[in-house]
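Source file input11.txt; content: compact mmCIF, C-alpha atoms.
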```txt
# COMPACT_ATOMS: atom_id res chain seq x y z
CA MET A 148 159.28 152.69 133.73
CA ARG A 149 156.14 154.31 135.01
CA ARG A 150 156.50 152.80 138.45
CA LEU A 151 160.06 154.05 138.59
CA THR A 152 159.04 157.66 137.94
CA GLU A 153 156.31 157.39 140.57
CA ILE A 154 158.84 156.24 143.13
CA HIS A 155 161.13 159.09 142.16
CA LYS A 156 158.24 161.48 142.71
CA VAL A 157 157.63 160.18 146.23
CA GLN A 158 161.32 160.31 147.02
CA GLU A 159 161.46 163.89 145.86
CA LEU A 160 158.43 164.78 147.96
CA VAL A 161 159.89 163.15 151.05
CA PHE A 162 162.82 165.55 150.79
CA ARG A 163 160.80 168.58 149.73
CA LEU A 164 157.97 168.38 152.28
CA LYS A 165 158.66 169.57 155.80
CA THR A 166 157.23 168.06 158.97
CA SER A 167 155.09 171.18 159.32
CA ASP A 168 153.49 170.42 155.93
CA ALA A 169 152.30 167.01 157.07
CA LYS A 170 151.58 167.50 160.78
CA ALA A 171 148.19 166.50 162.17
CA SER A 172 145.40 169.01 161.74
CA GLU A 173 143.80 168.06 165.05
CA VAL A 174 146.01 167.73 168.07
CA VAL A 175 145.22 166.39 171.53
CA ILE A 176 147.47 167.81 174.23
CA LEU A 177 147.35 167.39 177.99
CA SER A 178 148.16 169.84 180.75
CA PRO A 179 150.67 168.72 183.41
CA ASN A 180 147.97 168.39 186.06
CA THR A 181 145.76 165.99 184.09
CA MET A 182 145.24 162.96 186.34
CA MET A 183 146.60 159.54 185.32
CA SER A 184 143.11 158.08 185.85
CA GLU A 185 141.85 160.29 183.01
CA VAL A 186 144.55 159.27 180.50
CA ARG A 187 142.96 156.03 179.36
CA SER A 188 139.65 157.61 178.36
CA ILE A 189 141.38 160.54 176.61
CA LEU A 190 143.60 158.25 174.52
CA ARG A 191 140.70 155.94 173.82
CA LYS A 192 138.24 158.70 172.91
CA ASN A 193 140.67 160.29 170.47
CA LYS A 194 141.98 156.95 169.16
CA ILE A 195 145.58 157.87 169.86
CA ALA A 196 148.45 155.99 171.43
CA ALA A 197 150.21 158.93 173.06
CA ALA A 198 149.74 162.61 173.85
CA PRO A 199 152.22 165.39 174.66
CA ILE A 200 152.10 167.32 177.92
CA VAL A 201 152.30 171.01 177.09
CA ALA A 202 152.46 174.05 179.34
CA GLU A 203 153.03 177.61 178.18
CA GLN A 204 153.62 176.31 174.66
CA LYS A 205 156.58 174.14 175.75
CA VAL A 206 156.61 170.37 175.59
CA LEU A 207 157.26 169.00 179.07
CA GLY A 208 156.90 165.34 178.22
CA ILE A 209 154.84 162.72 176.52
CA ILE A 210 152.47 160.15 177.94
CA SER A 211 151.92 156.94 176.00
CA VAL A 212 149.95 153.74 176.48
CA ASN A 213 153.23 152.24 177.73
CA ASP A 214 153.57 154.85 180.47
CA TYR A 215 149.98 154.25 181.45
CA LEU A 216 150.51 150.47 181.67
CA ASN A 217 153.66 150.98 183.77
CA TRP A 218 151.63 153.11 186.16
CA LEU A 219 148.89 150.49 186.33
CA THR A 220 151.23 147.54 186.95
CA ALA A 221 153.13 149.44 189.62
CA GLY A 222 149.77 149.87 191.38
CA ARG A 223 150.60 153.45 192.27
CA GLU A 224 148.03 155.97 193.48
CA ASP A 225 146.38 158.38 191.10
CA CYS A 226 148.65 161.32 190.37
CA CYS A 227 149.32 164.06 187.81
CA VAL A 228 150.60 162.90 184.41
CA GLU A 229 153.64 165.07 185.05
CA LYS A 230 154.92 162.43 187.49
CA CYS A 231 154.54 159.48 185.11
CA MET A 232 155.31 160.97 181.70
CA SER A 233 158.44 160.27 179.67
CA VAL A 234 160.59 163.34 179.88
CA ASN A 235 163.39 162.63 177.43
CA VAL A 236 161.17 163.50 174.52
CA LYS A 237 162.45 162.92 171.03
CA PHE A 238 161.03 165.63 168.84
CA LEU A 239 161.33 166.98 165.30
CA TYR A 240 161.78 170.56 164.20
CA ASP A 241 159.08 172.07 162.02
CA ASP A 242 161.51 172.73 159.14
CA GLU A 243 162.94 169.20 158.95
CA PRO A 244 162.18 167.21 155.81
CA LEU A 245 159.83 164.24 156.05
CA THR A 246 162.72 161.91 155.36
CA ASP A 247 164.09 162.79 158.83
CA ALA A 248 160.71 162.04 160.35
CA ILE A 249 160.58 158.65 158.63
CA LYS A 250 164.08 157.82 159.92
CA CYS A 251 163.00 158.76 163.45
CA PHE A 252 159.98 156.49 163.30
CA ASP A 253 162.23 153.62 162.17
CA ARG A 254 164.89 154.30 164.79
CA TYR A 255 162.70 154.80 167.88
CA GLY A 256 159.50 152.95 167.02
CA PHE A 257 157.39 155.63 168.70
CA TYR A 258 153.76 156.30 167.83
CA GLU A 259 154.22 160.01 167.32
CA PHE A 260 156.65 162.86 167.59
CA PRO A 261 156.00 166.38 168.82
CA ILE A 262 157.02 169.11 166.39
CA ILE A 263 158.88 172.10 167.76
CA ASN A 264 159.31 175.48 166.15
CA ARG A 265 163.04 175.90 165.63
CA LYS A 266 163.06 179.65 166.30
CA THR A 267 160.85 179.84 169.39
CA GLY A 268 161.21 176.33 170.78
CA ASN A 269 157.43 176.27 171.14
CA PHE A 270 155.20 173.27 170.54
CA ALA A 271 153.98 173.37 166.93
CA GLY A 272 152.06 170.11 166.51
CA ILE A 273 152.24 166.35 166.29
CA ILE A 274 153.24 164.01 163.52
CA THR A 275 152.31 160.34 163.20
CA ARG A 276 152.99 157.76 160.48
CA ARG A 277 149.45 158.35 159.25
CA ASP A 278 150.12 162.10 158.91
CA ILE A 279 153.18 161.36 156.77
CA ILE A 280 151.16 159.14 154.44
CA MET A 281 148.33 161.67 154.26
CA GLY A 282 150.78 164.54 153.66
CA LEU A 283 152.39 162.64 150.78
CA LEU A 284 149.02 161.73 149.28
CA ARG A 285 147.88 165.36 149.46
CA ALA A 286 151.06 166.54 147.80
CA LEU A 287 150.73 163.90 145.09
CA GLU A 288 147.15 164.96 144.50
CA ILE A 289 148.20 168.61 144.08
CA ASP A 290 151.04 167.62 141.77
CA TYR A 291 148.67 165.49 139.76
CA HIS A 292 146.27 168.43 139.45
CA GLU A 293 149.09 170.69 138.26
CA MET A 294 150.17 168.04 135.79
CA GLU A 295 146.61 167.75 134.52
CA ILE A 296 146.41 171.50 133.91
CA SER A 297 149.78 171.74 132.22
CA SER A 298 149.03 168.77 129.97
CA TYR A 299 145.90 170.54 128.68
CA SER A 300 147.89 173.26 127.01
CA GLY A 301 149.56 170.60 124.86
CA HIS A 302 147.48 168.50 122.50
CA THR A 303 143.83 169.04 121.84
CA PHE A 304 141.38 167.25 119.62
CA PHE A 305 141.97 169.83 116.87
CA GLN A 306 145.72 169.38 116.73
CA ASP A 307 145.31 165.62 116.53
CA MET A 308 143.05 165.77 113.45
CA ALA A 309 144.86 165.29 110.14
CA ALA A 310 143.31 167.97 107.93
CA ASP A 311 144.18 171.37 106.54
CA HIS A 312 141.40 172.87 108.55
CA THR A 313 139.23 171.26 111.22
CA GLU A 314 136.07 172.88 112.43
CA LEU A 315 133.53 171.61 114.89
CA MET A 316 130.03 172.95 115.12
CA LEU A 317 127.60 172.42 118.00
CA SER A 318 124.06 173.70 117.89
CA PHE A 319 121.51 174.04 120.68
CA SER A 320 118.03 175.44 120.88
CA VAL A 321 116.78 177.23 123.98
CA ALA A 322 113.14 177.66 125.03
CA GLY A 323 112.05 181.06 126.32
CA LYS A 324 110.93 181.85 129.90
CA ASN A 325 111.89 178.31 130.94
CA ILE A 326 114.30 179.38 133.62
CA GLN A 327 114.33 175.97 135.31
CA HIS A 328 116.45 174.73 132.41
CA GLY A 329 118.59 177.85 132.29
CA GLY A 330 122.23 176.83 131.99
CA ASP A 331 121.58 173.43 130.39
CA VAL A 332 123.36 174.50 127.19
CA ALA A 333 126.34 175.98 129.02
CA SER A 334 126.57 172.84 131.15
CA LYS A 335 126.54 170.53 128.10
CA LEU A 336 129.04 172.72 126.29
CA LYS A 337 131.34 172.73 129.29
CA LYS A 338 131.38 168.92 129.40
CA ASN A 339 131.97 168.72 125.63
CA LEU A 340 134.94 171.07 125.84
CA HIS A 341 136.32 168.96 128.63
CA HIS A 342 136.17 165.89 126.37
CA LEU A 343 138.02 167.83 123.69
CA GLY A 344 140.87 168.38 126.12
CA LEU A 345 140.85 172.17 126.19
CA HIS A 346 142.61 174.17 128.89
CA PRO A 347 140.48 174.47 132.07
CA ASP A 348 140.70 178.29 131.96
CA ILE A 349 139.29 178.36 128.43
CA ILE A 350 136.53 175.93 129.41
CA ARG A 351 135.58 178.14 132.35
CA LYS A 352 135.54 181.34 130.31
CA THR A 353 133.43 179.71 127.60
CA ALA A 354 131.03 178.25 130.16
CA ILE A 355 130.51 181.59 131.92
CA ALA A 356 130.06 183.59 128.71
CA THR A 357 127.64 181.00 127.29
CA TYR A 358 125.70 180.80 130.53
CA GLU A 359 125.20 184.57 130.71
CA ALA A 360 124.14 184.76 127.06
CA GLU A 361 121.86 181.75 127.47
CA MET A 362 120.12 183.35 130.46
CA ASN A 363 119.62 186.55 128.45
CA LEU A 364 118.08 184.44 125.72
CA ILE A 365 115.64 182.85 128.18
CA ILE A 366 114.78 185.99 130.12
CA TYR A 367 114.61 188.68 127.41
CA GLY A 368 114.80 186.99 124.02
CA GLY A 369 111.95 184.54 124.43
CA GLY A 370 114.26 181.67 123.48
CA GLY A 371 116.41 181.08 120.43
CA THR A 372 119.55 179.25 119.38
CA VAL A 373 123.12 178.89 120.60
CA GLU A 374 125.63 177.87 117.96
CA VAL A 375 129.24 177.13 118.72
CA PHE A 376 131.94 176.93 116.03
CA MET A 377 135.39 175.79 117.02
CA ASP A 378 138.70 175.37 115.30
CA ALA A 379 142.25 175.03 116.58
CA ASP A 380 142.50 178.74 117.41
CA VAL A 381 139.16 180.10 118.49
CA ILE A 382 135.74 179.31 119.93
CA HIS A 383 133.02 181.34 118.30
CA ILE A 384 129.66 181.42 120.12
CA GLU A 385 126.65 182.87 118.35
CA VAL A 386 123.49 183.42 120.37
CA LYS A 387 120.40 184.41 118.37
CA ASP A 388 116.85 185.36 119.29
CA LYS A 389 113.83 186.85 117.59
CA GLY A 390 112.85 188.83 120.68
CA PRO A 391 112.14 192.53 121.24
CA GLY A 392 115.71 193.66 120.48
CA ILE A 393 117.92 196.09 122.40
CA PRO A 394 117.18 199.82 121.83
CA ASP A 395 120.49 201.10 123.24
CA ILE A 396 123.41 198.66 123.09
CA GLN A 397 125.84 201.04 124.83
CA LYS A 398 123.53 201.11 127.84
CA VAL A 399 123.35 197.32 128.29
CA LEU A 400 127.14 197.20 128.25
CA GLN A 401 127.30 199.46 131.31
CA PRO A 402 127.93 197.45 134.48
CA GLY A 403 124.81 197.49 136.67
CA TYR A 404 122.34 198.50 133.96
CA SER A 405 119.35 196.18 134.04
CA THR A 406 115.75 196.02 132.89
CA ALA A 407 115.10 192.69 134.56
CA PRO A 408 111.61 192.05 135.93
CA ASP A 409 111.15 191.09 139.59
CA TRP A 410 110.71 187.35 138.97
CA VAL A 411 114.18 187.27 137.42
CA ARG A 412 115.77 189.28 140.23
CA GLU A 413 114.27 186.96 142.83
CA LEU A 414 116.29 184.13 141.28
CA GLY A 415 119.51 186.08 141.69
CA PHE A 416 119.77 187.32 138.10
CA GLY A 417 119.29 190.73 136.55
CA ALA A 418 122.03 192.56 138.44
CA GLY A 419 123.21 194.17 135.22
CA MET A 420 126.54 192.34 135.10
CA GLY A 421 125.77 189.86 132.32
CA PHE A 422 127.50 191.54 129.41
CA THR A 423 130.32 192.74 131.68
CA ASN A 424 130.98 189.13 132.63
CA ILE A 425 130.86 188.06 128.99
CA GLN A 426 133.33 190.79 128.09
CA ASN A 427 135.67 189.71 130.87
CA CYS A 428 135.64 186.13 129.63
CA SER A 429 135.98 186.76 125.90
CA ASN A 430 138.41 188.25 123.41
CA THR A 431 135.68 189.98 121.43
CA LEU A 432 131.97 190.64 121.96
CA ASP A 433 129.65 191.94 119.24
CA ILE A 434 125.97 192.69 119.68
CA ILE A 435 123.78 193.18 116.64
CA SER A 436 120.21 194.12 117.48
CA LYS A 437 117.11 195.52 115.81
CA VAL A 438 114.14 196.63 117.88
CA GLY A 439 111.19 194.36 117.13
CA LYS A 440 113.34 191.91 115.11
CA GLY A 441 115.76 190.31 117.50
CA THR A 442 119.33 190.19 118.76
CA THR A 443 122.48 188.30 117.81
CA VAL A 444 125.35 188.14 120.27
CA LYS A 445 128.73 187.00 118.93
CA ILE A 446 131.39 185.97 121.40
CA ARG A 447 134.91 184.91 120.46
CA ILE A 448 137.33 183.23 122.84
CA GLY A 449 140.90 182.40 121.81
CA LEU A 450 142.14 178.91 122.64
CA ASP A 451 145.65 180.05 123.42
CA PRO A 452 145.45 182.42 126.39
CA GLY A 453 148.73 184.09 125.42
CA LYS A 454 147.79 184.78 121.80
CA SER A 455 145.48 187.43 120.38
CA ILE A 456 142.97 186.14 117.83
CA LYS A 457 142.58 187.08 114.20
CA MET B 228 135.41 187.35 148.30
CA ALA B 229 137.98 186.51 150.90
CA SER B 230 141.08 184.41 150.51
CA LEU B 231 141.76 182.56 153.70
CA GLN B 232 145.07 182.88 155.54
CA ARG B 233 145.21 179.14 155.46
CA SER B 234 143.15 176.47 153.74
CA ILE B 235 140.37 175.34 156.03
CA PRO B 236 139.19 171.75 155.82
CA LEU B 237 135.56 171.64 154.75
CA LYS B 238 134.93 169.50 157.80
CA GLU B 239 136.10 172.38 160.01
CA ILE B 240 133.89 174.85 158.13
CA GLN B 241 130.96 172.57 158.79
CA LYS B 242 131.77 172.73 162.51
CA ILE B 243 132.27 176.52 162.53
CA LEU B 244 128.88 177.02 160.88
CA SER B 245 127.20 174.18 162.84
CA ALA B 246 125.99 173.18 159.39
CA ASP B 247 123.96 170.16 158.40
CA VAL B 248 125.39 168.18 155.51
CA ILE B 249 122.81 167.88 152.74
CA LEU B 250 125.19 166.31 150.25
CA ASP B 251 128.62 165.01 151.03
CA GLU B 252 129.68 162.88 148.06
CA GLY B 253 132.91 162.11 149.85
CA TRP B 254 134.22 165.56 149.14
CA LEU B 255 133.74 166.81 152.67
CA ARG B 256 137.39 165.87 153.21
CA GLY B 257 138.46 168.65 150.87
CA GLU B 258 139.90 172.03 151.80
CA ILE B 259 138.58 175.53 151.14
CA LYS B 260 140.89 178.33 150.07
CA THR B 261 138.38 181.05 149.20
CA VAL B 262 135.00 181.97 150.59
CA TYR B 263 132.48 184.00 148.66
CA CYS B 264 129.03 185.14 149.66
CA SER B 265 126.42 186.50 147.30
CA ASP B 266 122.83 186.21 146.21
CA LEU B 267 123.65 187.58 142.78
CA MET B 268 124.52 185.01 140.13
CA SER B 269 126.55 187.39 137.98
CA ASP B 270 128.72 188.27 140.98
CA ILE B 271 129.41 184.59 141.56
CA LEU B 272 130.26 184.10 137.89
CA SER B 273 132.90 186.81 138.07
CA PHE B 274 134.96 184.83 140.56
CA GLY B 275 135.37 181.28 141.76
CA ASP B 276 137.81 178.46 141.64
CA SER B 277 137.87 174.80 142.45
CA SER B 278 138.63 175.27 146.13
CA SER B 279 135.98 177.81 146.98
CA LEU B 280 132.90 177.89 149.15
CA LEU B 281 129.79 179.86 148.24
CA ILE B 282 127.51 181.11 150.98
CA THR B 283 124.09 182.06 149.65
CA GLY B 284 120.45 182.37 150.51
CA LEU B 285 119.31 181.18 147.09
CA ILE B 286 118.24 177.55 146.82
CA ASN B 287 116.99 177.39 143.22
CA PRO B 288 118.62 175.12 140.60
CA GLN B 289 120.36 178.12 139.05
CA THR B 290 122.58 178.37 142.13
CA ILE B 291 123.96 174.91 141.33
CA ARG B 292 124.28 175.71 137.61
CA THR B 293 126.18 178.87 138.45
CA ALA B 294 128.45 177.00 140.85
CA GLU B 295 129.06 174.37 138.16
CA MET B 296 130.18 177.02 135.66
CA VAL B 297 132.92 178.35 137.94
CA ASP B 298 133.86 175.01 139.53
CA ILE B 299 132.76 175.91 143.05
CA ALA B 300 133.44 172.96 145.38
CA ALA B 301 130.85 173.60 148.07
CA ILE B 302 127.75 175.66 148.76
CA CYS B 303 126.36 176.55 152.17
CA PHE B 304 122.77 177.77 152.33
CA VAL B 305 121.89 180.18 155.14
CA HIS B 306 118.83 180.43 157.42
CA GLY B 307 118.57 176.63 157.48
CA LYS B 308 117.28 176.55 153.91
CA ILE B 309 117.22 173.20 152.14
CA PRO B 310 116.80 173.06 148.36
CA HIS B 311 114.33 170.91 146.46
CA GLN B 312 115.33 167.30 145.73
CA ASP B 313 115.84 168.07 142.01
CA THR B 314 118.34 170.75 142.92
CA ILE B 315 120.17 168.34 145.23
CA GLU B 316 120.30 165.79 142.40
CA MET B 317 121.84 168.42 140.13
CA ALA B 318 124.53 169.10 142.74
CA LYS B 319 125.15 165.37 143.04
CA LYS B 320 125.80 165.09 139.32
CA ASN B 321 128.31 167.91 139.54
CA GLU B 322 129.95 166.64 142.75
CA ILE B 323 129.23 169.79 144.72
CA VAL B 324 129.06 169.54 148.52
CA LEU B 325 125.89 171.08 150.00
CA LEU B 326 125.64 172.39 153.54
CA SER B 327 122.88 174.21 155.36
CA THR B 328 123.47 176.47 158.36
CA LYS B 329 120.89 177.99 160.65
CA TYR B 330 122.93 181.21 160.82
CA SER B 331 122.15 184.30 158.77
CA MET B 332 124.47 185.28 155.93
CA TYR B 333 126.01 187.96 158.20
CA GLU B 334 126.64 185.60 161.07
CA ALA B 335 127.92 182.76 158.89
CA CYS B 336 130.41 185.09 157.22
CA GLY B 337 131.40 186.62 160.56
CA ARG B 338 132.16 183.25 162.04
CA LEU B 339 134.22 182.17 159.05
CA TYR B 340 136.05 185.48 158.99
CA CYS B 341 137.08 185.02 162.62
CA ALA B 342 138.27 181.48 161.88
CA ARG B 343 140.20 182.78 158.90
CA MET B 344 142.07 185.23 161.09
CA SER B 345 143.38 182.56 163.44
CA LYS B 346 146.48 181.42 161.67
CA SER B 347 147.13 178.26 163.60
CA ILE B 348 145.08 175.56 165.18
CA ASP B 349 143.48 176.60 168.45
CA LEU B 350 145.05 174.41 171.07
CA PRO B 351 142.77 173.21 173.85
```

I need this file expressed as structure tokens, please.
Amino acid sequence: MRRLTEIHKVQELVFRLKTSDAKASEVVILSPNTMMSEVRSILRKNKIAAAPIVAEQKVLGIISVNDYLNWLTAGREDCCVEKCMSVNVKFLYDDEPLTDAIKCFDRYGFYEFPIINRKTGNFAGIITRRDIIMGLLRALEIDYHEMEISSYSGHTFFQDMAADHTELMLSFSVAGKNIQHGGDVASKLKKNLHHLGLHPDIIRKTAIATYEAEMNLIIYGGGGTVEVFMDADVIHIEVKDKGPGIPDIQKVLQPGYSTAPDWVRELGFGAGMGFTNIQNCSNTLDIISKVGKGTTVKIRIGLDPGKSIK
Amino acid sequence: MASLQRSIPLKEIQKILSADVILDEGWLRGEIKTVYCSDLMSDILSFGDSSSLLITGLINPQTIRTAEMVDIAAICFVHGKIPHQDTIEMAKKNEIVLLSTKYSMYEACGRLYCARMSKSIDLP
């Protein structure tokens, strides 16, 4: 059954994708006065079997290995490609579906087809069999990525657990001033959330908020703990230190406010956007701090982006 | 941050920036949709998606950590800077492409901006 749906997918793509979606990203074209003696090295160097002759954005003809061999066997003198090229060029319009392109390859057996813009009649690119395969693979990859994202919003670890209430708790300790390891907790947490099958957006938000809080812990708090509690609805991150505390919480919430020392700024931190970033990634942010005692930062992120949390 | 008019293959970006490839990991075949340049980690954290390129002058491990958090696909260091081996290893674990260009941040961005403006392939 699975194979059948995969084939359906490709069939659908072959109709949906246009020749312009799959055309080659690098195109070799020749001007009409390129000499026949140059053709061999151009085709060889670019590993192609044919190249269009284009002047003022119009396709005049196409020169293939066949044309070159005909010229060689005839023993004619060196001349411009214009005199030896095939002029009845079969081409495809840029808005034609790939299925038309595939039919053309079957019917004519050519190596490549020029693509023409339907409105202007100008040359718009080249398509080969390889480009069709690559175009389909790219489209399948994108579709797969979309499928992956949409499947995340469905079942998670929490929904699959048979219990009245499931809660998961992860605990990490963070050493102070050890900036080389800054982000280790956020990185581990991110991977864990991935295993749990959470939505990529939620994973990203949690990673960013945790990372910012973790860096604060290292830089200002002299180390501490990061505790993460999760259930089916919300991720609750609690970051605690026994550092100097924050005298004015309103101030640290202002974008751009920073008391970071130079060594921190040199590493690209301390721009005063930490709490702003946490706020942007979370549903709620609470800071409880006592000067001389320490700080606790509580971050809550809802697992369903569309729902507000209790 | 700048969204490109069209996705640019990473390979093409490497050419535009005449960049050396520090770490490829087979991802050099990917495409870039957004380019971002900053030396401030919090700025980088406020943006970023899986098809973005970060241009920065910072080569410390935190650059990689930050990129990891926001799923940045590739980083290009300016002024020909090359990070320490440990930092490269960290990028390897997270499958992030690393490039290094001799251009300054200004010039690297300028060159990419010009490439971004050309909507179609430049025909020879």

Hey, list the chain A side of the contact with chain B: 6 Å cut-off, only C-alpha atoms, answer as a PyMOL selection string. chain A and resi 354-355+415-416+420

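Going from atom CA of A:Gly272 over to atom CA of A:Asp241, you cover 8.6 Å.
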
Please list as a PyMOL selection string every residue within 9 Å of A:Lys237, counting all atoms listed in the file and excluding residues in the same chain fewer than 4 positions away. chain A and resi 251+255+260-261

If we count all atoms listed in the file and set the cut-off at 8 Å, which residues sit around A:Val332, ignoring sequence neighbours fewer than 6 positions away in its own chain? Please answer as a ChimeraX atom specification. /A:319,321,357-358,361,373

Writing out the chosen residues with C-alpha atoms as a tab-separated table (two decimals), keeping the file's coordinate frame:
```tsv
chain	number	residue	atom	x	y	z
A	319	PHE	CA	121.51	174.04	120.68
A	321	VAL	CA	116.78	177.23	123.98
A	357	THR	CA	127.64	181.00	127.29
A	358	TYR	CA	125.70	180.80	130.53
A	361	GLU	CA	121.86	181.75	127.47
A	373	VAL	CA	123.12	178.89	120.60
```

Enter the distance from atom CA of A:Gly330 to atom CA of A:Thr431, in Å, rounded to one decimal.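 These two atoms are separated by 21.6 Å.
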
Quick one: pull the distance between atom CA of A:Arg447 and atom CA of A:Ala418, Å, one decimal. 23.4 Å

Restricting the calculation to only C-alpha atoms, which member of B:Ile259, B:Ala294, B:Met317, B:Ile309 is positioned closest to B:Ile271?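 Comparing B:Ile259, B:Ala294, B:Met317, B:Ile309 against B:Ile271, the winner is B:Ala294.
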
Of the listed residues B:Val262, B:Ala300, B:Ala335, B:Leu244, that which approaches B:Glu322 most closely, counting only C-alpha atoms: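 That would be B:Ala300, the residue with the smallest distance to B:Glu322.
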
Using only C-alpha atoms: which of A:Thr372, A:Thr313, A:Gln306, A:Ser211 has the shortest distance to A:Gly344: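 Ranked by minimum distance to A:Gly344, first place goes to A:Gln306.
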
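Residues with at least one atom no more than 7 Å from (149.0, 170.8, 165.4), using only C-alpha atoms, are Lys170, Ala171, Ser172, Glu173, Val174, Ala271, Gly272 and Ile273 of chain A; Ile348 of chain B.
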
Protein and nucleic acid residues near (112.9, 181.6, 129.1) (cut-off 9 Å, all atoms listed in the file) as an MDAnalysis selection string: chainID A and resid 321:329 362:370
